[in-house]
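Pasted below: structure.txt, compact mmCIF, N, CA and C atoms.
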```
# COMPACT_ATOMS: atom_id res chain seq x y z
N MET A 1 -19.31 227.98 -62.78
CA MET A 1 -19.12 227.70 -61.39
C MET A 1 -17.79 228.29 -60.94
N ARG A 2 -17.81 228.91 -59.79
CA ARG A 2 -16.58 229.40 -59.16
C ARG A 2 -16.35 228.61 -57.88
N ILE A 3 -15.08 228.30 -57.63
CA ILE A 3 -14.74 227.55 -56.42
C ILE A 3 -13.74 228.35 -55.61
N PHE A 4 -14.04 228.48 -54.33
CA PHE A 4 -13.13 229.15 -53.41
C PHE A 4 -12.57 228.09 -52.48
N PHE A 5 -11.24 228.01 -52.44
CA PHE A 5 -10.56 227.00 -51.63
C PHE A 5 -9.99 227.63 -50.37
N SER A 6 -9.99 226.86 -49.31
CA SER A 6 -9.24 227.20 -48.10
C SER A 6 -8.77 225.88 -47.51
N HIS A 7 -7.82 225.96 -46.60
CA HIS A 7 -7.31 224.72 -46.02
C HIS A 7 -6.80 224.95 -44.61
N GLU A 8 -6.63 223.85 -43.93
CA GLU A 8 -6.08 223.84 -42.58
C GLU A 8 -5.18 222.61 -42.48
N ILE A 9 -4.00 222.78 -41.91
CA ILE A 9 -3.07 221.67 -41.75
C ILE A 9 -2.84 221.44 -40.27
N ASP A 10 -3.08 220.22 -39.84
CA ASP A 10 -2.83 219.84 -38.46
C ASP A 10 -1.52 219.06 -38.44
N ASN A 11 -0.49 219.66 -37.85
CA ASN A 11 0.82 219.02 -37.81
C ASN A 11 0.94 217.95 -36.73
N ASN A 12 0.00 217.94 -35.80
CA ASN A 12 0.00 216.94 -34.72
C ASN A 12 -1.38 216.30 -34.61
N PRO A 13 -1.80 215.58 -35.65
CA PRO A 13 -3.15 215.02 -35.62
C PRO A 13 -3.25 213.80 -34.71
N GLU A 14 -4.47 213.47 -34.35
CA GLU A 14 -4.73 212.21 -33.66
C GLU A 14 -4.25 211.09 -34.59
N PRO A 15 -3.79 209.98 -34.05
CA PRO A 15 -3.23 208.91 -34.89
C PRO A 15 -4.14 208.46 -36.03
N GLU A 16 -5.45 208.40 -35.79
CA GLU A 16 -6.35 207.93 -36.85
C GLU A 16 -6.49 208.93 -38.00
N TYR A 17 -6.06 210.19 -37.79
CA TYR A 17 -6.16 211.20 -38.85
C TYR A 17 -4.80 211.54 -39.47
N ALA A 18 -3.75 210.90 -39.02
CA ALA A 18 -2.42 211.16 -39.57
C ALA A 18 -2.38 210.73 -41.04
N ALA A 19 -1.74 211.56 -41.85
CA ALA A 19 -1.57 211.29 -43.29
C ALA A 19 -2.90 211.15 -44.02
N THR A 20 -3.88 211.97 -43.62
CA THR A 20 -5.18 211.93 -44.29
C THR A 20 -5.51 213.29 -44.91
N ILE A 21 -6.45 213.24 -45.83
CA ILE A 21 -6.99 214.45 -46.44
C ILE A 21 -8.50 214.40 -46.29
N ARG A 22 -9.05 215.42 -45.64
CA ARG A 22 -10.50 215.55 -45.50
C ARG A 22 -10.94 216.68 -46.43
N VAL A 23 -11.89 216.38 -47.28
CA VAL A 23 -12.42 217.37 -48.21
C VAL A 23 -13.86 217.65 -47.83
N THR A 24 -14.18 218.93 -47.64
CA THR A 24 -15.54 219.36 -47.37
C THR A 24 -15.94 220.36 -48.44
N ALA A 25 -17.04 220.07 -49.12
CA ALA A 25 -17.52 220.96 -50.18
C ALA A 25 -18.93 221.42 -49.83
N THR A 26 -19.17 222.70 -50.07
CA THR A 26 -20.47 223.30 -49.82
C THR A 26 -20.90 224.03 -51.08
N ILE A 27 -22.14 223.78 -51.51
CA ILE A 27 -22.68 224.48 -52.67
C ILE A 27 -23.55 225.61 -52.16
N LEU A 28 -23.16 226.82 -52.46
CA LEU A 28 -23.88 228.00 -51.97
C LEU A 28 -25.03 228.35 -52.91
N GLY A 29 -26.00 229.05 -52.37
CA GLY A 29 -27.08 229.56 -53.18
C GLY A 29 -28.39 228.81 -53.02
N GLU A 30 -28.40 227.72 -52.33
CA GLU A 30 -29.62 226.96 -52.11
C GLU A 30 -30.13 227.24 -50.70
N ASP A 31 -31.45 227.15 -50.52
CA ASP A 31 -32.00 227.29 -49.17
C ASP A 31 -31.50 226.16 -48.29
N ASP A 32 -31.51 224.96 -48.85
CA ASP A 32 -30.97 223.79 -48.17
C ASP A 32 -29.56 223.59 -48.73
N ILE A 33 -28.56 224.11 -48.04
CA ILE A 33 -27.19 224.13 -48.57
C ILE A 33 -26.60 222.72 -48.54
N PRO A 34 -26.39 222.12 -49.74
CA PRO A 34 -25.80 220.78 -49.77
C PRO A 34 -24.33 220.82 -49.35
N THR A 35 -23.96 219.88 -48.50
CA THR A 35 -22.58 219.78 -48.03
C THR A 35 -22.11 218.34 -48.18
N PHE A 36 -20.85 218.20 -48.48
CA PHE A 36 -20.24 216.90 -48.71
C PHE A 36 -18.92 216.84 -47.96
N THR A 37 -18.65 215.73 -47.28
CA THR A 37 -17.37 215.55 -46.60
C THR A 37 -16.88 214.13 -46.86
N THR A 38 -15.59 214.02 -47.13
CA THR A 38 -14.98 212.71 -47.33
C THR A 38 -13.58 212.71 -46.73
N LEU A 39 -13.10 211.55 -46.38
CA LEU A 39 -11.78 211.40 -45.78
C LEU A 39 -11.06 210.26 -46.49
N SER A 40 -9.80 210.49 -46.84
CA SER A 40 -9.01 209.43 -47.47
C SER A 40 -7.56 209.57 -47.03
N LEU A 41 -6.82 208.51 -47.23
CA LEU A 41 -5.38 208.59 -46.99
C LEU A 41 -4.77 209.50 -48.03
N ALA A 42 -3.82 210.30 -47.61
CA ALA A 42 -3.20 211.26 -48.53
C ALA A 42 -2.58 210.55 -49.73
N LYS A 43 -1.92 209.42 -49.49
CA LYS A 43 -1.25 208.72 -50.60
C LYS A 43 -2.27 208.24 -51.63
N ASP A 44 -3.46 207.83 -51.20
CA ASP A 44 -4.50 207.40 -52.14
C ASP A 44 -5.05 208.57 -52.94
N PHE A 45 -5.26 209.69 -52.25
CA PHE A 45 -5.81 210.86 -52.93
C PHE A 45 -4.82 211.44 -53.93
N LYS A 46 -3.55 211.47 -53.56
CA LYS A 46 -2.53 212.09 -54.40
C LYS A 46 -2.09 211.19 -55.56
N ASP A 47 -2.42 209.91 -55.51
CA ASP A 47 -2.02 208.98 -56.56
C ASP A 47 -2.80 209.29 -57.84
N ASN A 48 -2.14 209.93 -58.80
CA ASN A 48 -2.80 210.32 -60.05
C ASN A 48 -3.22 209.13 -60.89
N GLU A 49 -2.61 207.99 -60.66
CA GLU A 49 -2.98 206.78 -61.39
C GLU A 49 -4.25 206.15 -60.81
N ASN A 50 -4.62 206.57 -59.61
CA ASN A 50 -5.73 205.96 -58.90
C ASN A 50 -7.04 206.65 -59.27
N ASP A 51 -7.66 206.19 -60.36
CA ASP A 51 -8.94 206.75 -60.78
C ASP A 51 -10.08 206.27 -59.89
N GLU A 52 -9.80 205.29 -59.05
CA GLU A 52 -10.84 204.73 -58.21
C GLU A 52 -10.74 205.18 -56.76
N CYS A 53 -10.06 206.29 -56.51
CA CYS A 53 -9.99 206.83 -55.15
C CYS A 53 -11.41 207.16 -54.70
N LYS A 54 -11.83 206.58 -53.59
CA LYS A 54 -13.21 206.73 -53.11
C LYS A 54 -13.58 208.20 -52.89
N SER A 55 -12.67 208.99 -52.35
CA SER A 55 -12.96 210.40 -52.11
C SER A 55 -13.21 211.15 -53.41
N LYS A 56 -12.39 210.88 -54.41
CA LYS A 56 -12.57 211.55 -55.71
C LYS A 56 -13.89 211.11 -56.35
N GLU A 57 -14.19 209.83 -56.26
CA GLU A 57 -15.46 209.32 -56.82
C GLU A 57 -16.65 209.96 -56.11
N ASP A 58 -16.59 210.01 -54.79
CA ASP A 58 -17.70 210.57 -54.02
C ASP A 58 -17.90 212.06 -54.32
N PHE A 59 -16.81 212.80 -54.47
CA PHE A 59 -16.90 214.22 -54.82
C PHE A 59 -17.55 214.37 -56.19
N ASN A 60 -17.12 213.53 -57.12
CA ASN A 60 -17.68 213.52 -58.47
C ASN A 60 -19.20 213.30 -58.43
N TYR A 61 -19.65 212.29 -57.69
CA TYR A 61 -21.08 211.99 -57.59
C TYR A 61 -21.84 213.10 -56.88
N PHE A 62 -21.25 213.70 -55.87
CA PHE A 62 -21.89 214.82 -55.16
C PHE A 62 -22.22 215.95 -56.13
N LEU A 63 -21.25 216.32 -56.96
CA LEU A 63 -21.48 217.41 -57.92
C LEU A 63 -22.49 217.01 -58.99
N MET A 64 -22.42 215.76 -59.45
CA MET A 64 -23.37 215.30 -60.46
C MET A 64 -24.79 215.31 -59.91
N GLU A 65 -24.96 214.86 -58.67
CA GLU A 65 -26.29 214.85 -58.05
C GLU A 65 -26.81 216.27 -57.83
N ALA A 66 -25.89 217.23 -57.69
CA ALA A 66 -26.30 218.63 -57.52
C ALA A 66 -26.71 219.26 -58.85
N GLY A 67 -26.53 218.52 -59.95
CA GLY A 67 -26.99 219.01 -61.24
C GLY A 67 -25.94 219.64 -62.13
N PHE A 68 -24.68 219.55 -61.76
CA PHE A 68 -23.62 220.10 -62.61
C PHE A 68 -23.33 219.13 -63.75
N ASN A 69 -23.01 219.69 -64.93
CA ASN A 69 -22.74 218.83 -66.08
C ASN A 69 -21.34 218.22 -65.99
N ASP A 70 -21.07 217.24 -66.85
CA ASP A 70 -19.82 216.48 -66.80
C ASP A 70 -18.58 217.36 -66.91
N ASP A 71 -18.62 218.37 -67.78
CA ASP A 71 -17.45 219.24 -67.96
C ASP A 71 -17.16 220.03 -66.69
N VAL A 72 -18.18 220.54 -66.06
CA VAL A 72 -18.02 221.32 -64.83
C VAL A 72 -17.50 220.42 -63.71
N VAL A 73 -18.04 219.22 -63.62
CA VAL A 73 -17.60 218.27 -62.59
C VAL A 73 -16.13 217.92 -62.80
N TYR A 74 -15.75 217.65 -64.04
CA TYR A 74 -14.36 217.32 -64.35
C TYR A 74 -13.43 218.48 -63.97
N ASP A 75 -13.81 219.71 -64.36
CA ASP A 75 -12.99 220.89 -64.05
C ASP A 75 -12.84 221.08 -62.54
N ALA A 76 -13.92 220.87 -61.80
CA ALA A 76 -13.87 221.03 -60.34
C ALA A 76 -12.94 219.99 -59.72
N LEU A 77 -13.01 218.76 -60.20
CA LEU A 77 -12.14 217.71 -59.67
C LEU A 77 -10.68 218.00 -59.98
N VAL A 78 -10.41 218.48 -61.19
CA VAL A 78 -9.03 218.84 -61.56
C VAL A 78 -8.53 219.98 -60.68
N GLU A 79 -9.36 221.00 -60.45
CA GLU A 79 -8.95 222.12 -59.59
C GLU A 79 -8.64 221.64 -58.17
N LEU A 80 -9.46 220.73 -57.65
CA LEU A 80 -9.22 220.18 -56.32
C LEU A 80 -7.90 219.41 -56.28
N ILE A 81 -7.66 218.58 -57.26
CA ILE A 81 -6.43 217.78 -57.31
C ILE A 81 -5.21 218.69 -57.39
N ILE A 82 -5.27 219.72 -58.22
CA ILE A 82 -4.15 220.66 -58.35
C ILE A 82 -3.92 221.38 -57.03
N TYR A 83 -4.99 221.82 -56.38
CA TYR A 83 -4.87 222.52 -55.10
C TYR A 83 -4.18 221.64 -54.07
N VAL A 84 -4.62 220.39 -53.96
CA VAL A 84 -4.02 219.46 -53.01
C VAL A 84 -2.57 219.17 -53.38
N ASP A 85 -2.29 218.97 -54.66
CA ASP A 85 -0.91 218.72 -55.11
C ASP A 85 0.02 219.87 -54.73
N GLU A 86 -0.46 221.10 -54.92
CA GLU A 86 0.37 222.26 -54.59
C GLU A 86 0.63 222.35 -53.08
N LEU A 87 -0.38 222.02 -52.28
CA LEU A 87 -0.21 222.07 -50.82
C LEU A 87 0.71 220.98 -50.30
N THR A 88 0.68 219.83 -50.94
CA THR A 88 1.40 218.67 -50.41
C THR A 88 2.68 218.35 -51.15
N CYS A 89 3.10 219.22 -52.04
CA CYS A 89 4.33 218.94 -52.80
C CYS A 89 5.53 218.88 -51.85
N PRO A 90 6.58 218.17 -52.24
CA PRO A 90 7.74 218.01 -51.36
C PRO A 90 8.39 219.32 -50.91
N THR A 91 8.22 220.39 -51.69
CA THR A 91 8.84 221.66 -51.32
C THR A 91 7.94 222.52 -50.43
N SER A 92 6.78 222.00 -50.06
CA SER A 92 5.85 222.76 -49.23
C SER A 92 6.44 223.03 -47.86
N SER A 93 6.32 224.27 -47.42
CA SER A 93 6.81 224.62 -46.08
C SER A 93 5.73 224.38 -45.01
N GLU A 94 4.47 224.21 -45.44
CA GLU A 94 3.37 224.02 -44.50
C GLU A 94 3.11 222.55 -44.20
N TYR A 95 3.18 221.73 -45.23
CA TYR A 95 2.73 220.34 -45.13
C TYR A 95 3.91 219.38 -45.09
N SER A 96 3.77 218.34 -44.29
CA SER A 96 4.75 217.26 -44.30
C SER A 96 3.99 215.94 -44.17
N PRO A 97 4.56 214.85 -44.68
CA PRO A 97 3.87 213.56 -44.57
C PRO A 97 3.54 213.27 -43.10
N GLY A 98 2.36 212.77 -42.88
CA GLY A 98 1.90 212.50 -41.52
C GLY A 98 0.95 213.55 -40.99
N CYS A 99 0.91 214.70 -41.65
CA CYS A 99 -0.03 215.76 -41.25
C CYS A 99 -1.45 215.37 -41.67
N ALA A 100 -2.41 216.05 -41.08
CA ALA A 100 -3.80 215.92 -41.50
C ALA A 100 -4.16 217.20 -42.24
N LEU A 101 -4.62 217.06 -43.46
CA LEU A 101 -4.98 218.20 -44.29
C LEU A 101 -6.50 218.26 -44.42
N LYS A 102 -7.05 219.44 -44.13
CA LYS A 102 -8.48 219.68 -44.33
C LYS A 102 -8.62 220.72 -45.42
N VAL A 103 -9.35 220.38 -46.47
CA VAL A 103 -9.58 221.30 -47.58
C VAL A 103 -11.07 221.62 -47.62
N GLN A 104 -11.38 222.92 -47.65
CA GLN A 104 -12.76 223.36 -47.77
C GLN A 104 -12.95 223.99 -49.14
N LEU A 105 -14.06 223.63 -49.79
CA LEU A 105 -14.42 224.21 -51.07
C LEU A 105 -15.78 224.87 -50.90
N GLU A 106 -15.88 226.10 -51.33
CA GLU A 106 -17.17 226.77 -51.38
C GLU A 106 -17.47 226.97 -52.85
N ILE A 107 -18.52 226.33 -53.31
CA ILE A 107 -18.85 226.28 -54.73
C ILE A 107 -20.00 227.25 -54.99
N VAL A 108 -19.76 228.15 -55.92
CA VAL A 108 -20.77 229.15 -56.28
C VAL A 108 -21.23 228.85 -57.70
N PRO A 109 -22.48 228.41 -57.86
CA PRO A 109 -22.99 228.12 -59.20
C PRO A 109 -23.03 229.38 -60.06
N ASP A 110 -22.98 229.18 -61.38
CA ASP A 110 -22.97 230.31 -62.31
C ASP A 110 -24.22 231.17 -62.20
N TYR A 111 -25.34 230.60 -61.78
CA TYR A 111 -26.55 231.41 -61.70
C TYR A 111 -26.48 232.46 -60.59
N LEU A 112 -25.48 232.35 -59.71
CA LEU A 112 -25.27 233.39 -58.71
C LEU A 112 -24.28 234.41 -59.27
N ASP A 113 -24.74 235.23 -60.19
CA ASP A 113 -23.87 236.23 -60.80
C ASP A 113 -23.67 237.41 -59.86
N ASP A 114 -22.90 238.39 -60.29
CA ASP A 114 -22.58 239.54 -59.44
C ASP A 114 -23.82 240.31 -59.00
N GLU A 115 -24.79 240.46 -59.92
CA GLU A 115 -26.01 241.19 -59.58
C GLU A 115 -26.79 240.44 -58.50
N CYS A 116 -26.84 239.13 -58.65
CA CYS A 116 -27.53 238.30 -57.66
C CYS A 116 -26.85 238.43 -56.29
N MET A 117 -25.53 238.41 -56.28
CA MET A 117 -24.80 238.53 -55.02
C MET A 117 -25.04 239.90 -54.39
N ALA A 118 -25.10 240.95 -55.21
CA ALA A 118 -25.36 242.29 -54.68
C ALA A 118 -26.74 242.35 -54.04
N MET A 119 -27.72 241.71 -54.68
CA MET A 119 -29.07 241.68 -54.12
C MET A 119 -29.10 240.90 -52.80
N LEU A 120 -28.28 239.89 -52.69
CA LEU A 120 -28.22 239.11 -51.47
C LEU A 120 -27.84 239.99 -50.28
N PHE A 121 -26.91 240.91 -50.50
CA PHE A 121 -26.45 241.76 -49.41
C PHE A 121 -27.47 242.82 -49.02
N VAL A 122 -28.49 243.03 -49.85
CA VAL A 122 -29.57 243.94 -49.48
C VAL A 122 -30.37 243.33 -48.33
N THR A 123 -30.51 242.01 -48.34
CA THR A 123 -31.33 241.34 -47.32
C THR A 123 -30.52 240.62 -46.25
N ASN A 124 -29.22 240.45 -46.47
CA ASN A 124 -28.40 239.67 -45.54
C ASN A 124 -27.02 240.29 -45.49
N ASN A 125 -26.53 240.59 -44.30
CA ASN A 125 -25.22 241.23 -44.21
C ASN A 125 -24.10 240.25 -43.85
N VAL A 126 -24.34 238.95 -44.03
CA VAL A 126 -23.30 237.95 -43.81
C VAL A 126 -22.91 237.37 -45.16
N CYS A 127 -21.63 237.46 -45.50
CA CYS A 127 -21.14 236.97 -46.79
C CYS A 127 -21.29 235.44 -46.83
N PRO A 128 -21.94 234.89 -47.86
CA PRO A 128 -22.10 233.44 -47.94
C PRO A 128 -20.82 232.72 -48.32
N LEU A 129 -19.81 233.44 -48.77
CA LEU A 129 -18.55 232.82 -49.16
C LEU A 129 -17.58 232.69 -48.01
N CYS A 130 -17.45 233.77 -47.23
CA CYS A 130 -16.46 233.73 -46.15
C CYS A 130 -17.11 233.88 -44.77
N PHE A 131 -18.43 234.10 -44.74
CA PHE A 131 -19.20 234.21 -43.50
C PHE A 131 -18.81 235.41 -42.64
N VAL A 132 -18.18 236.40 -43.25
CA VAL A 132 -17.85 237.64 -42.54
C VAL A 132 -19.12 238.48 -42.45
N LYS A 133 -19.37 239.01 -41.28
CA LYS A 133 -20.53 239.87 -41.10
C LYS A 133 -20.14 241.28 -41.52
N LEU A 134 -20.84 241.80 -42.50
CA LEU A 134 -20.57 243.13 -43.02
C LEU A 134 -21.44 244.15 -42.29
N PRO A 135 -20.97 245.39 -42.16
CA PRO A 135 -21.80 246.41 -41.51
C PRO A 135 -23.06 246.66 -42.34
N CYS A 136 -24.15 246.92 -41.66
CA CYS A 136 -25.38 247.25 -42.39
C CYS A 136 -26.02 248.47 -41.76
N GLU A 137 -26.88 249.10 -42.54
CA GLU A 137 -27.52 250.34 -42.10
C GLU A 137 -28.38 250.11 -40.87
N CYS A 138 -28.94 248.91 -40.74
CA CYS A 138 -29.84 248.64 -39.61
C CYS A 138 -29.09 248.69 -38.27
N GLU A 139 -27.79 248.49 -38.27
CA GLU A 139 -27.02 248.53 -37.03
C GLU A 139 -26.74 249.96 -36.58
N ASP A 140 -26.89 250.92 -37.49
CA ASP A 140 -26.65 252.32 -37.16
C ASP A 140 -27.80 252.91 -36.36
N GLN A 141 -28.94 252.28 -36.40
CA GLN A 141 -30.14 252.84 -35.77
C GLN A 141 -30.23 252.47 -34.32
```
As structure tokens, how would this structure be written, given the file I've shared?
Amino acid sequence: MRIFFSHEIDNNPEPEYAATIRVTATILGEDDIPTFTTLSLAKDFKDNENDECKSKEDFNYFLMEAGFNDDVVYDALVELIIYVDELTCPTSSEYSPGCALKVQLEIVPDYLDDECMAMLFVTNNVCPLCFVKLPCECEDQ
């Protein structure tokens, strides 16, 4: 599995979203694209001692229900935690306490190898990872 991360930081969030982390994960490659979203207080998400953080648990169950094995689920959760830790560390120039952080994950299962992705572009000129529309021969006509 490959995971592509992106994020958005709102420095002036609505009061109910201040000091929160929203995680949205999308599993690519399915006709019915599974999506997961959760919201938690930043302090709860960042607390490494907190194994019972609802957002982390929900993300874990989302991946398990999608059919990923325990090792893959664990690795994905660790990658997410590291990504959030790096964004929210005290030396961060982007993030400060009280901000609202939105993290997007685009998950590409291993069965979508490079050859599969190349074949996808034969029939579709929109990248499923970044949604950029690529030029196609049909537009030249």
**Request:** Go through A:Ser55, A:Asn12, A:Thr24, A:Ser96 one by one, measure the shortest atom-to-atom distance of each to Leu41 of chain A using all atoms listed in the file, and give the residue with the smallest value.
**Result:**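 Among A:Ser55, A:Asn12, A:Thr24, A:Ser96, it is A:Ser55 that comes nearest to Leu41 of chain A.
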**Message:** Please list as JSON, numbers by chain every residue within 8 Å of Thr38 of chain A, counting all atoms listed in the file and excluding residues in the same chain fewer than 4 positions away.
**Reply:** {"A": [21, 22, 23, 24, 25, 54, 55, 56, 58, 59]}
**Prompt:** Any idea what's packed within 6.5 Å of segment 5-7 of chain A, counting only N, CA and C atoms, ignoring anything in its chain fewer than 5 positions away? Could you give it as a list in words?
**Reply:**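 The neighbour list is Lys102, Val103, Gln104, Leu105 and Glu106 of chain A.
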Go ahead and save the residues from that selection, with N, CA and C atoms, as a JSON list (two decimals), in the frame of the given file.
```
[["chain", "number", "residue", "atom", "x", "y", "z"],
["A", 102, "LYS", "N", -7.05, 219.44, -44.13],
["A", 102, "LYS", "CA", -8.48, 219.68, -44.33],
["A", 102, "LYS", "C", -8.62, 220.72, -45.42],
["A", 103, "VAL", "N", -9.35, 220.38, -46.47],
["A", 103, "VAL", "CA", -9.58, 221.30, -47.58],
["A", 103, "VAL", "C", -11.07, 221.62, -47.62],
["A", 104, "GLN", "N", -11.38, 222.92, -47.65],
["A", 104, "GLN", "CA", -12.76, 223.36, -47.77],
["A", 104, "GLN", "C", -12.95, 223.99, -49.14],
["A", 105, "LEU", "N", -14.06, 223.63, -49.79],
["A", 105, "LEU", "CA", -14.42, 224.21, -51.07],
["A", 105, "LEU", "C", -15.78, 224.87, -50.90],
["A", 106, "GLU", "N", -15.88, 226.10, -51.33],
["A", 106, "GLU", "CA", -17.17, 226.77, -51.38],
["A", 106, "GLU", "C", -17.47, 226.97, -52.85]]
```
**Prompt:** When DSSP works through the backbone of this structure, what residues of segment 45-119 of chain A end up as helix (DSSP H, G or I), shown as JSON, numbers by chain?
**Reply:** {"A": [45, 46, 54, 55, 56, 57, 58, 59, 60, 61, 62, 63, 64, 65, 70, 71, 72, 73, 74, 75, 76, 77, 78, 79, 80, 81, 82, 83, 84, 85, 86, 87, 88, 114, 115, 116, 117, 118, 119]}
Could you write out the selected residues, including N, CA and C atoms, as a tab-separated table (two decimals), in the coordinates of the input?
```tsv
chain	number	residue	atom	x	y	z
A	45	PHE	N	-5.26	209.69	-52.25
A	45	PHE	CA	-5.81	210.86	-52.93
A	45	PHE	C	-4.82	211.44	-53.93
A	46	LYS	N	-3.55	211.47	-53.56
A	46	LYS	CA	-2.53	212.09	-54.40
A	46	LYS	C	-2.09	211.19	-55.56
A	54	LYS	N	-11.83	206.58	-53.59
A	54	LYS	CA	-13.21	206.73	-53.11
A	54	LYS	C	-13.58	208.20	-52.89
A	55	SER	N	-12.67	208.99	-52.35
A	55	SER	CA	-12.96	210.40	-52.11
A	55	SER	C	-13.21	211.15	-53.41
A	56	LYS	N	-12.39	210.88	-54.41
A	56	LYS	CA	-12.57	211.55	-55.71
A	56	LYS	C	-13.89	211.11	-56.35
A	57	GLU	N	-14.19	209.83	-56.26
A	57	GLU	CA	-15.46	209.32	-56.82
A	57	GLU	C	-16.65	209.96	-56.11
A	58	ASP	N	-16.59	210.01	-54.79
A	58	ASP	CA	-17.70	210.57	-54.02
A	58	ASP	C	-17.90	212.06	-54.32
A	59	PHE	N	-16.81	212.80	-54.47
A	59	PHE	CA	-16.90	214.22	-54.82
A	59	PHE	C	-17.55	214.37	-56.19
A	60	ASN	N	-17.12	213.53	-57.12
A	60	ASN	CA	-17.68	213.52	-58.47
A	60	ASN	C	-19.20	213.30	-58.43
A	61	TYR	N	-19.65	212.29	-57.69
A	61	TYR	CA	-21.08	211.99	-57.59
A	61	TYR	C	-21.84	213.10	-56.88
A	62	PHE	N	-21.25	213.70	-55.87
A	62	PHE	CA	-21.89	214.82	-55.16
A	62	PHE	C	-22.22	215.95	-56.13
A	63	LEU	N	-21.25	216.32	-56.96
A	63	LEU	CA	-21.48	217.41	-57.92
A	63	LEU	C	-22.49	217.01	-58.99
A	64	MET	N	-22.42	215.76	-59.45
A	64	MET	CA	-23.37	215.30	-60.46
A	64	MET	C	-24.79	215.31	-59.91
A	65	GLU	N	-24.96	214.86	-58.67
A	65	GLU	CA	-26.29	214.85	-58.05
A	65	GLU	C	-26.81	216.27	-57.83
A	70	ASP	N	-21.07	217.24	-66.85
A	70	ASP	CA	-19.82	216.48	-66.80
A	70	ASP	C	-18.58	217.36	-66.91
A	71	ASP	N	-18.62	218.37	-67.78
A	71	ASP	CA	-17.45	219.24	-67.96
A	71	ASP	C	-17.16	220.03	-66.69
A	72	VAL	N	-18.18	220.54	-66.06
A	72	VAL	CA	-18.02	221.32	-64.83
A	72	VAL	C	-17.50	220.42	-63.71
A	73	VAL	N	-18.04	219.22	-63.62
A	73	VAL	CA	-17.60	218.27	-62.59
A	73	VAL	C	-16.13	217.92	-62.80
A	74	TYR	N	-15.75	217.65	-64.04
A	74	TYR	CA	-14.36	217.32	-64.35
A	74	TYR	C	-13.43	218.48	-63.97
A	75	ASP	N	-13.81	219.71	-64.36
A	75	ASP	CA	-12.99	220.89	-64.05
A	75	ASP	C	-12.84	221.08	-62.54
A	76	ALA	N	-13.92	220.87	-61.80
A	76	ALA	CA	-13.87	221.03	-60.34
A	76	ALA	C	-12.94	219.99	-59.72
A	77	LEU	N	-13.01	218.76	-60.20
A	77	LEU	CA	-12.14	217.71	-59.67
A	77	LEU	C	-10.68	218.00	-59.98
A	78	VAL	N	-10.41	218.48	-61.19
A	78	VAL	CA	-9.03	218.84	-61.56
A	78	VAL	C	-8.53	219.98	-60.68
A	79	GLU	N	-9.36	221.00	-60.45
A	79	GLU	CA	-8.95	222.12	-59.59
A	79	GLU	C	-8.64	221.64	-58.17
A	80	LEU	N	-9.46	220.73	-57.65
A	80	LEU	CA	-9.22	220.18	-56.32
A	80	LEU	C	-7.90	219.41	-56.28
A	81	ILE	N	-7.66	218.58	-57.26
A	81	ILE	CA	-6.43	217.78	-57.31
A	81	ILE	C	-5.21	218.69	-57.39
A	82	ILE	N	-5.27	219.72	-58.22
A	82	ILE	CA	-4.15	220.66	-58.35
A	82	ILE	C	-3.92	221.38	-57.03
A	83	TYR	N	-4.99	221.82	-56.38
A	83	TYR	CA	-4.87	222.52	-55.10
A	83	TYR	C	-4.18	221.64	-54.07
A	84	VAL	N	-4.62	220.39	-53.96
A	84	VAL	CA	-4.02	219.46	-53.01
A	84	VAL	C	-2.57	219.17	-53.38
A	85	ASP	N	-2.29	218.97	-54.66
A	85	ASP	CA	-0.91	218.72	-55.11
A	85	ASP	C	0.02	219.87	-54.73
A	86	GLU	N	-0.46	221.10	-54.92
A	86	GLU	CA	0.37	222.26	-54.59
A	86	GLU	C	0.63	222.35	-53.08
A	87	LEU	N	-0.38	222.02	-52.28
A	87	LEU	CA	-0.21	222.07	-50.82
A	87	LEU	C	0.71	220.98	-50.30
A	88	THR	N	0.68	219.83	-50.94
A	88	THR	CA	1.40	218.67	-50.41
A	88	THR	C	2.68	218.35	-51.15
A	114	ASP	N	-22.90	238.39	-60.29
A	114	ASP	CA	-22.58	239.54	-59.44
A	114	ASP	C	-23.82	240.31	-59.00
A	115	GLU	N	-24.79	240.46	-59.92
A	115	GLU	CA	-26.01	241.19	-59.58
A	115	GLU	C	-26.79	240.44	-58.50
A	116	CYS	N	-26.84	239.13	-58.65
A	116	CYS	CA	-27.53	238.30	-57.66
A	116	CYS	C	-26.85	238.43	-56.29
A	117	MET	N	-25.53	238.41	-56.28
A	117	MET	CA	-24.80	238.53	-55.02
A	117	MET	C	-25.04	239.90	-54.39
A	118	ALA	N	-25.10	240.95	-55.21
A	118	ALA	CA	-25.36	242.29	-54.68
A	118	ALA	C	-26.74	242.35	-54.04
A	119	MET	N	-27.72	241.71	-54.68
A	119	MET	CA	-29.07	241.68	-54.12
A	119	MET	C	-29.10	240.90	-52.80
```
**Prompt:** When you draw a straight line from atom CA of Pro97 of chain A to atom CA of Tyr61 of chain A, how long is it in Å?
**Reply:**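 Atom CA of Tyr61 of chain A lies 28.2 Å from atom CA of Pro97 of chain A.
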**Request:** Can you pull out every residue within 12 Å of Asp44 of chain A, counting only C-alpha atoms, but drop anything in the same chain fewer than 2 positions away, and send it as a list in words?
**Result:** Ala19, Thr20, Ile21, Leu39, Ser40, Leu41, Ala42, Lys46, Asp47, Asn48, Glu49, Asn50, Asp51, Glu52, Cys53, Lys54, Ser55, Lys56 and Ile81 of chain A
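The space between atom C of Phe62 of chain A and atom N of Val108 of chain A spans 12.4 Å.
Atom CA of Glu16 of chain A to atom CA of Ala100 of chain A spans 9.6 Å [interatomic distance, one decimal].
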